[in-house]
Every structure is written in C-alpha cells, then in structure tokens.
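**Student:** The structure follows.
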Amino acid sequence: MGNEHRLLALLVCLVLGGGLTAAVIGASRAAGPGAGPVAADFAAPREMRPEAGLLPAGPDASTGTVTVDCGRNGEGHYNQDNLVVSPGLRAGAHHTHSYVGNLSTDALSTDTSLAGAPTSCPGGDRSTYYWPVLRRTDHPGRDPHEDAAGHGNAGEILPEASVTVEFRGSPVGKVVPMPRFLRAMTGDAVAYTAGTDADVRARWGCSGSPGLASPHYPRCPAGQRLTRTLVFPSCWNGLDTDSPTHRSHLLFPTASGVCPRDTFPVPQLRVSLAYDVPSGTPFALDSFPEQMHSPKTDHAMFVNVMTDERMRAVVDCLNEGRACRI
C-alpha cells in the first residue's frame with residue numbers, strides 16, 4: 001500500500017506540475033509579442049498637459065499657415081509597407097499604415113512613379129502622408145488588410161473621422177522651400193524598447209480639450225473624439241533628401257524655435273487625426289510585436305512630391321503671414 005500511495009502522489013505531482021507549467025507558458029505567451037496595451041498606457045483627461053504653444057513671433061517670423069485638404073483615406077489605401085524606412089521591402093513595416101495624398105504609395109514606389117500617380121490632395125500635390133492605423137480590438141478584422149495584419153496587430157481598423165494636413169512657418173525667421181522628394185519621419189516606432197524617449201513625439205488627446213495632450217492613450221469622455229497630432233521636424237541641412245537614419249538630414253528646432261547649426265527652416269508639417277471611439281471601447285495602435293502597442297510608439301512619414309511651383313506657393317503664404325487653403 002505504501003508504494004501505491006507514493007506512486008499516486010507522484011502522479012498527482014506530475015499532473016499538477018504539468019498544469020502549472022502550462023499555465024506559466026500560457027501566461028508568458030499572453031504577455032509576449034503583440035500583447036498590450038496595459039493600464040499604465042492610458043491617461044485620464046485630468047492627466048493631460050498643455051501642448052507647447054506657439055512661440056512668440058520674432059520680427060522676421062514666418063507666421064502664416066497652409067491647410068491642404070487631402071481627404072481622410074476614403075479610398076481605403078492601406079498596406080504594411082514603409083517607403084521611407086524600408087524601401088523595396090514588401091510588408092517591411094510589420095504593421096498596417098493608413099495614407100492620404102499619393103494613391104500609389106507602397107514599398108516599390110520610386111520618385112518617378114510617385115510624380116506620375118493620382119492623389120487625394122488638391123492642386124496636384126502628390127505628396128504621401130502616412131501613419132500606423134488604430135484598431136478596435138473587440139471587433140475582429142474582416143477586410144484583407146485587416147486579416148493579413150499579423151505580428152500581434154488584430155482587430156477592426158478605426159477609420160479617421162477627420163484628417164488635417166497643415167504647414168506652419170518658423171517663429172524666428174523665413175522658411176525656404178523643401179526639396180522635392182524630401183523624406184521625413186516623426187516619432188519613434190521602437191520607443192517601448194529603445195530605453196530613451198529622445199525621439200518620442202506622440203501627442204494623444206480628446207476633442208473636448210484642445211491644447212491638452214499626453215504621450216499616453218486618452219480616456220475621452222462620451223461624445224468626444226480621440227485625437228492624434230503628428231508634428232514633423234522642420235530644419236533641413238540644405239543638401240540631402242534622406243539620410244541613413246532618416247533623421248539626420250531633417251532636425252527639429254530647439255525649444256527656442258531656432259534651427260540647429262548648419263540647418264535651415266522649411267515648412268513644418270503637422271498632421272492632426274481624429275477618431276470616433278465609443279466610450280469604453282478597447283483600442284490599440286498598430287506596432288511591431290515587441291513594442292506592446294505602446295502609445296509612445298506613434299509615428300508618421302512623409303515624402304514631399306509637390307511641384308516646385310506649389311512648394312513656392314506654400315513658402316510665400318507662410319513668409320507673408322497669410323492663412324491659406326490650397
């Protein structure tokens with residue numbers, strides 16, 4: 001009987017141990033790539049902070065604004081490519097991007113193909129503007145670009161309720177034209193694992209609290225839209241349309257608005273997005289799997305495909321202090 005009891009105890013231990021191991025593995029998988037966001041990724045409206053306001057304009061400031069109506073991706077232009085960071089590599093982003101502007105943009109686009117493509121922007125602006133999609137995670141994706149997301153990005157894509165593309169000038173001087181085919185990016189797609197917030201530019205907010213923002217997802221009151229603001233660097237080195245890091249040729253101005261040494265102010269691109277997210281609905285930003293859908297990883301890209309004539313019109317409007325819609 002003693003041996004039988006010992007054998008029974010051993011079997012029970014093995015079963016319990018196996019169950020515990022399975023539970024640990026399951027928990028590990030649940031917290032692994034693609035998991036998140038977590039509670040700490042969210043901020044209540046009262047935790048929002050004022051955005052940095054416009055700096056006082058100096059005597060030579062370019063105080064104008066230019067707004068371009070490029071629609072809100074009613075064409076359903078989505079893919080997992082990133083022409084700026086991973087040119088030539090299909091699905092190189094590992095998450096889905098939403099686009100306005102150039103209707104042909106994908107990983108295989110070239111300057112020539114972009115220049116000849118149709119666009120959702122008026123006046124022949126064939127620039128491409130794009131960012132990661134936001135998903136409603138309690139609804140399964142049904143469309144091809146949703147089912148193919150993979151890498152832990154799942155759920156129904158939340159369409160943009162509004163998209164505002166705006167260019168601003170410099171508070172300290174006149175701006176010079178951007179070169180055609182200039183590549184630009186803002187934000188840090190790997191901010192969760194980067195170990196530094198140096199490149200984090202995420203600005204999340206609620207439509208009922210304009211001027212307030214946070215690097216965290218907001219919990220907006222019922223009836224308000226969730227907002228994202230994506231501000232691009234605007235100090236060009238005067239030489240290159242791209243660089244190995246996709247950053248060093250185009251820098252952000254200092255806190256005083258002055259461009260770093262050996263760079264010149266160009267029109268500052270600002271893309272403002274808004275979404276209708278029902279109160280209490282779970283949502284997440286598409287990300288690389290190891291980035292845990294962190295709101296800090298928000299980012300966007302831009303390729304300037306304006307004609308020289310159109311870019312000159314933008315620069316003239318900014319430098320002359322006018323408010324233009326073109």
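Ligands are numbered from 1 in the order shown, residues from 1 within each chain, and chains are lettered A, B, ... in the order they appear in the structure tokens.
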Please identify all polymer residues within 7 Å of Ser162 (chain A), counting only C-alpha atoms, omitting same-chain residues fewer than 2 positions from it, and present them as a PDB file with C-alpha atoms, in the first residue's frame.
**Tutor:**
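Heads up, here's the output in around.pdb:
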ATOM      1  CA  ARG A  72      -9.428  61.068 -44.824  1.00  0.00           C
ATOM      2  CA  GLU A 160     -10.116  58.507 -39.406  1.00  0.00           C
ATOM      3  CA  THR A 164      -5.969  67.839 -41.236  1.00  0.00           C
ATOM      4  CA  LEU A 273      -6.136  62.961 -36.820  1.00  0.00           C
ATOM      5  CA  ALA A 274      -9.438  62.345 -35.027  1.00  0.00           C
TER       6      ALA A 274
END
**Student:** Arg183 (chain A): which residues within 6 Å, counting only C-alpha atoms, same-chain residues fewer than 4 positions away excluded, as a PyMOL selection string?
**Tutor:** chain A and resi 241-242+302-303
**Student:** Given only C-alpha atoms as the basis, pick out the residue of A:Thr307, A:Gln268, A:Gln291, A:Ser62 nearest to Pro171 (chain A).
**Tutor:**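 That would be A:Ser62, the residue with the smallest distance to Pro171 (chain A).
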**Student:** Write out as a list in words all residues of region 73-281 of chain A that backbone DSSP assigns to helix (DSSP H, G or I).
**Tutor:** Asp111, Thr112, Ser113, Leu114, Ala115, Pro122, Gly123, Gly124, Pro144, His145, Glu146, Asp147, Ala191, Tyr192, Thr193 and Ala194 of chain A
**Student:** Show me, as a PyMOL selection string, the residues that have an atom within 10 Å of Ser104 (chain A) when counting only C-alpha atoms, minus same-chain residues fewer than 4 positions from it.
**Tutor:** chain A and resi 77+99+108-109+113-119+126+128
**Student:** Residues of the last selection are to be written out with all heavy atoms, as a short mmCIF file (atom, residue, chain, number, x, y, z; two decimals), in the first residue's frame.
**Tutor:**
data_model
loop_
_atom_site.label_atom_id
_atom_site.label_comp_id
_atom_site.auth_asym_id
_atom_site.auth_seq_id
_atom_site.Cartn_x
_atom_site.Cartn_y
_atom_site.Cartn_z
N HIS A 77 -6.74 53.23 -48.66
CA HIS A 77 -5.34 52.97 -49.02
C HIS A 77 -4.58 52.52 -47.78
O HIS A 77 -4.21 53.33 -46.92
CB HIS A 77 -4.74 54.25 -49.60
CG HIS A 77 -3.34 54.09 -50.12
ND1 HIS A 77 -2.61 55.15 -50.62
CD2 HIS A 77 -2.51 53.02 -50.22
CE1 HIS A 77 -1.42 54.75 -51.00
NE2 HIS A 77 -1.33 53.45 -50.75
N TYR A 99 -3.00 55.97 -45.35
CA TYR A 99 -2.43 57.01 -46.20
C TYR A 99 -3.45 58.06 -46.62
O TYR A 99 -4.63 57.75 -46.82
CB TYR A 99 -1.90 56.39 -47.51
CG TYR A 99 -0.75 55.43 -47.38
CD1 TYR A 99 -0.95 54.12 -46.94
CD2 TYR A 99 0.55 55.81 -47.73
CE1 TYR A 99 0.11 53.23 -46.84
CE2 TYR A 99 1.60 54.93 -47.64
CZ TYR A 99 1.38 53.63 -47.20
OH TYR A 99 2.42 52.75 -47.11
N LEU A 108 7.46 49.66 -53.23
CA LEU A 108 8.17 49.68 -54.51
C LEU A 108 8.08 51.02 -55.22
O LEU A 108 8.56 51.16 -56.35
CB LEU A 108 7.64 48.56 -55.42
CG LEU A 108 7.70 47.14 -54.83
CD1 LEU A 108 7.23 46.12 -55.86
CD2 LEU A 108 9.11 46.81 -54.35
N SER A 109 7.45 52.01 -54.59
CA SER A 109 7.33 53.33 -55.22
C SER A 109 8.70 53.95 -55.44
O SER A 109 9.64 53.76 -54.66
CB SER A 109 6.50 54.26 -54.34
OG SER A 109 5.16 53.82 -54.26
N SER A 113 7.55 57.14 -60.10
CA SER A 113 6.18 56.62 -60.01
C SER A 113 5.31 57.53 -59.16
O SER A 113 4.13 57.75 -59.47
CB SER A 113 6.18 55.19 -59.46
OG SER A 113 6.55 55.15 -58.08
N LEU A 114 5.86 58.08 -58.08
CA LEU A 114 5.09 58.99 -57.24
C LEU A 114 4.71 60.25 -58.01
O LEU A 114 3.58 60.74 -57.90
CB LEU A 114 5.90 59.37 -56.00
CG LEU A 114 6.17 58.28 -54.97
CD1 LEU A 114 7.14 58.79 -53.91
CD2 LEU A 114 4.87 57.80 -54.31
N ALA A 115 5.63 60.76 -58.81
CA ALA A 115 5.39 62.00 -59.54
C ALA A 115 4.30 61.86 -60.60
O ALA A 115 3.69 62.85 -61.00
CB ALA A 115 6.68 62.49 -60.19
N GLY A 116 4.02 60.63 -61.03
CA GLY A 116 3.02 60.42 -62.07
C GLY A 116 1.73 59.80 -61.58
O GLY A 116 0.84 59.49 -62.38
N ALA A 117 1.57 59.65 -60.26
CA ALA A 117 0.42 58.94 -59.70
C ALA A 117 -0.73 59.87 -59.38
O ALA A 117 -0.55 61.08 -59.21
CB ALA A 117 0.84 58.19 -58.43
N PRO A 118 -1.96 59.33 -59.29
CA PRO A 118 -3.09 60.14 -58.82
C PRO A 118 -2.94 60.46 -57.34
O PRO A 118 -2.15 59.83 -56.63
CB PRO A 118 -4.30 59.24 -59.09
CG PRO A 118 -3.75 57.85 -59.07
CD PRO A 118 -2.36 57.95 -59.62
N THR A 119 -3.72 61.43 -56.87
CA THR A 119 -3.60 61.89 -55.49
C THR A 119 -4.95 62.28 -54.93
O THR A 119 -5.86 62.64 -55.69
CB THR A 119 -2.64 63.09 -55.40
OG1 THR A 119 -2.58 63.57 -54.06
CG2 THR A 119 -3.09 64.23 -56.31
N ARG A 126 1.14 65.61 -54.97
CA ARG A 126 1.25 64.15 -54.99
C ARG A 126 2.10 63.63 -53.82
O ARG A 126 2.59 62.50 -53.86
CB ARG A 126 1.83 63.69 -56.33
CG ARG A 126 0.88 63.93 -57.50
CD ARG A 126 1.46 63.49 -58.83
NE ARG A 126 0.45 63.52 -59.87
CZ ARG A 126 0.05 64.61 -60.54
NH1 ARG A 126 0.61 65.79 -60.24
NH2 ARG A 126 -0.89 64.54 -61.46
N THR A 128 3.00 62.05 -50.19
CA THR A 128 2.39 60.95 -49.46
C THR A 128 2.56 61.19 -47.97
O THR A 128 3.63 61.55 -47.48
CB THR A 128 3.01 59.60 -49.88
OG1 THR A 128 2.38 58.54 -49.15
CG2 THR A 128 4.51 59.52 -49.63
#
**Student:** So which residues touch Glu156 (chain A) within 7 Å, counting only C-alpha atoms, skipping near sequence neighbours fewer than 5 positions away, as an mmCIF file with all heavy atoms, in the first residue's frame?
**Tutor:**
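Full text of out01.cif as output:
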data_model
loop_
_atom_site.group_PDB
_atom_site.id
_atom_site.type_symbol
_atom_site.label_atom_id
_atom_site.label_comp_id
_atom_site.auth_asym_id
_atom_site.auth_seq_id
_atom_site.Cartn_x
_atom_site.Cartn_y
_atom_site.Cartn_z
ATOM 1 N N ARG A 135 -6.765 50.414 -34.078
ATOM 2 C CA ARG A 135 -7.703 49.304 -34.193
ATOM 3 C C ARG A 135 -8.645 49.219 -32.998
ATOM 4 O O ARG A 135 -8.252 49.485 -31.860
ATOM 5 C CB ARG A 135 -6.957 47.969 -34.316
ATOM 6 C CG ARG A 135 -6.157 47.810 -35.584
ATOM 7 C CD ARG A 135 -5.474 46.447 -35.633
ATOM 8 N NE ARG A 135 -4.596 46.357 -36.776
ATOM 9 C CZ ARG A 135 -4.969 45.948 -37.984
ATOM 10 N NH1 ARG A 135 -6.223 45.585 -38.181
ATOM 11 N NH2 ARG A 135 -4.105 45.908 -38.977
ATOM 12 N N ARG A 136 -9.862 48.808 -33.291
ATOM 13 C CA ARG A 136 -10.817 48.444 -32.256
ATOM 14 C C ARG A 136 -10.607 46.956 -31.981
ATOM 15 O O ARG A 136 -10.926 46.098 -32.804
ATOM 16 C CB ARG A 136 -12.234 48.726 -32.724
ATOM 17 C CG ARG A 136 -13.291 48.368 -31.723
ATOM 18 C CD ARG A 136 -14.660 48.864 -32.131
ATOM 19 N NE ARG A 136 -15.652 48.453 -31.154
ATOM 20 C CZ ARG A 136 -16.891 48.935 -31.086
ATOM 21 N NH1 ARG A 136 -17.280 49.841 -31.977
ATOM 22 N NH2 ARG A 136 -17.725 48.512 -30.155
ATOM 23 N N THR A 137 -10.073 46.629 -30.815
ATOM 24 C CA THR A 137 -9.612 45.258 -30.573
ATOM 25 C C THR A 137 -10.714 44.301 -30.132
ATOM 26 O O THR A 137 -10.461 43.100 -30.018
ATOM 27 C CB THR A 137 -8.492 45.259 -29.518
ATOM 28 O OG1 THR A 137 -8.949 45.912 -28.330
ATOM 29 C CG2 THR A 137 -7.263 45.986 -30.047
ATOM 30 N N HIS A 139 -13.481 43.936 -31.931
ATOM 31 C CA HIS A 139 -14.126 43.526 -33.176
ATOM 32 C C HIS A 139 -13.079 42.889 -34.088
ATOM 33 O O HIS A 139 -12.036 43.493 -34.330
ATOM 34 C CB HIS A 139 -14.744 44.726 -33.891
ATOM 35 C CG HIS A 139 -16.032 45.188 -33.311
ATOM 36 N ND1 HIS A 139 -16.839 46.120 -33.942
ATOM 37 C CD2 HIS A 139 -16.684 44.852 -32.169
ATOM 38 C CE1 HIS A 139 -17.909 46.350 -33.197
ATOM 39 N NE2 HIS A 139 -17.839 45.594 -32.122
ATOM 40 N N PRO A 140 -13.339 41.695 -34.601
ATOM 41 C CA PRO A 140 -12.361 41.074 -35.497
ATOM 42 C C PRO A 140 -12.279 41.805 -36.825
ATOM 43 O O PRO A 140 -13.264 42.374 -37.315
ATOM 44 C CB PRO A 140 -12.910 39.656 -35.683
ATOM 45 C CG PRO A 140 -14.386 39.800 -35.457
ATOM 46 C CD PRO A 140 -14.540 40.860 -34.399
ATOM 47 N N GLY A 141 -11.097 41.820 -37.413
ATOM 48 C CA GLY A 141 -10.922 42.403 -38.732
ATOM 49 C C GLY A 141 -11.532 41.505 -39.787
ATOM 50 O O GLY A 141 -11.502 40.278 -39.670
ATOM 51 N N GLU A 146 -6.892 43.783 -42.983
ATOM 52 C CA GLU A 146 -7.046 43.541 -41.553
ATOM 53 C C GLU A 146 -6.669 42.104 -41.208
ATOM 54 O O GLU A 146 -5.936 41.852 -40.248
ATOM 55 C CB GLU A 146 -8.491 43.825 -41.128
ATOM 56 C CG GLU A 146 -8.870 45.289 -41.253
ATOM 57 C CD GLU A 146 -10.308 45.564 -40.863
ATOM 58 O OE1 GLU A 146 -11.168 44.688 -41.081
ATOM 59 O OE2 GLU A 146 -10.567 46.651 -40.352
#
**Student:** Against region 84-97 of chain A, which residues of region 261-319 of chain A fall within 7 Å? For each one I want the closest pair of atoms and the distance in Å (one decimal), counting only C-alpha atoms, rows by chain and increasing residue number, as CSV.
**Tutor:**
residue,atom,partner,partner_atom,distance
A:Asp286,CA,A:His95,CA,5.7
A:Ser287,CA,A:His95,CA,5.7
A:Phe288,CA,A:His94,CA,6.0
A:Met301,CA,A:Val84,CA,6.9
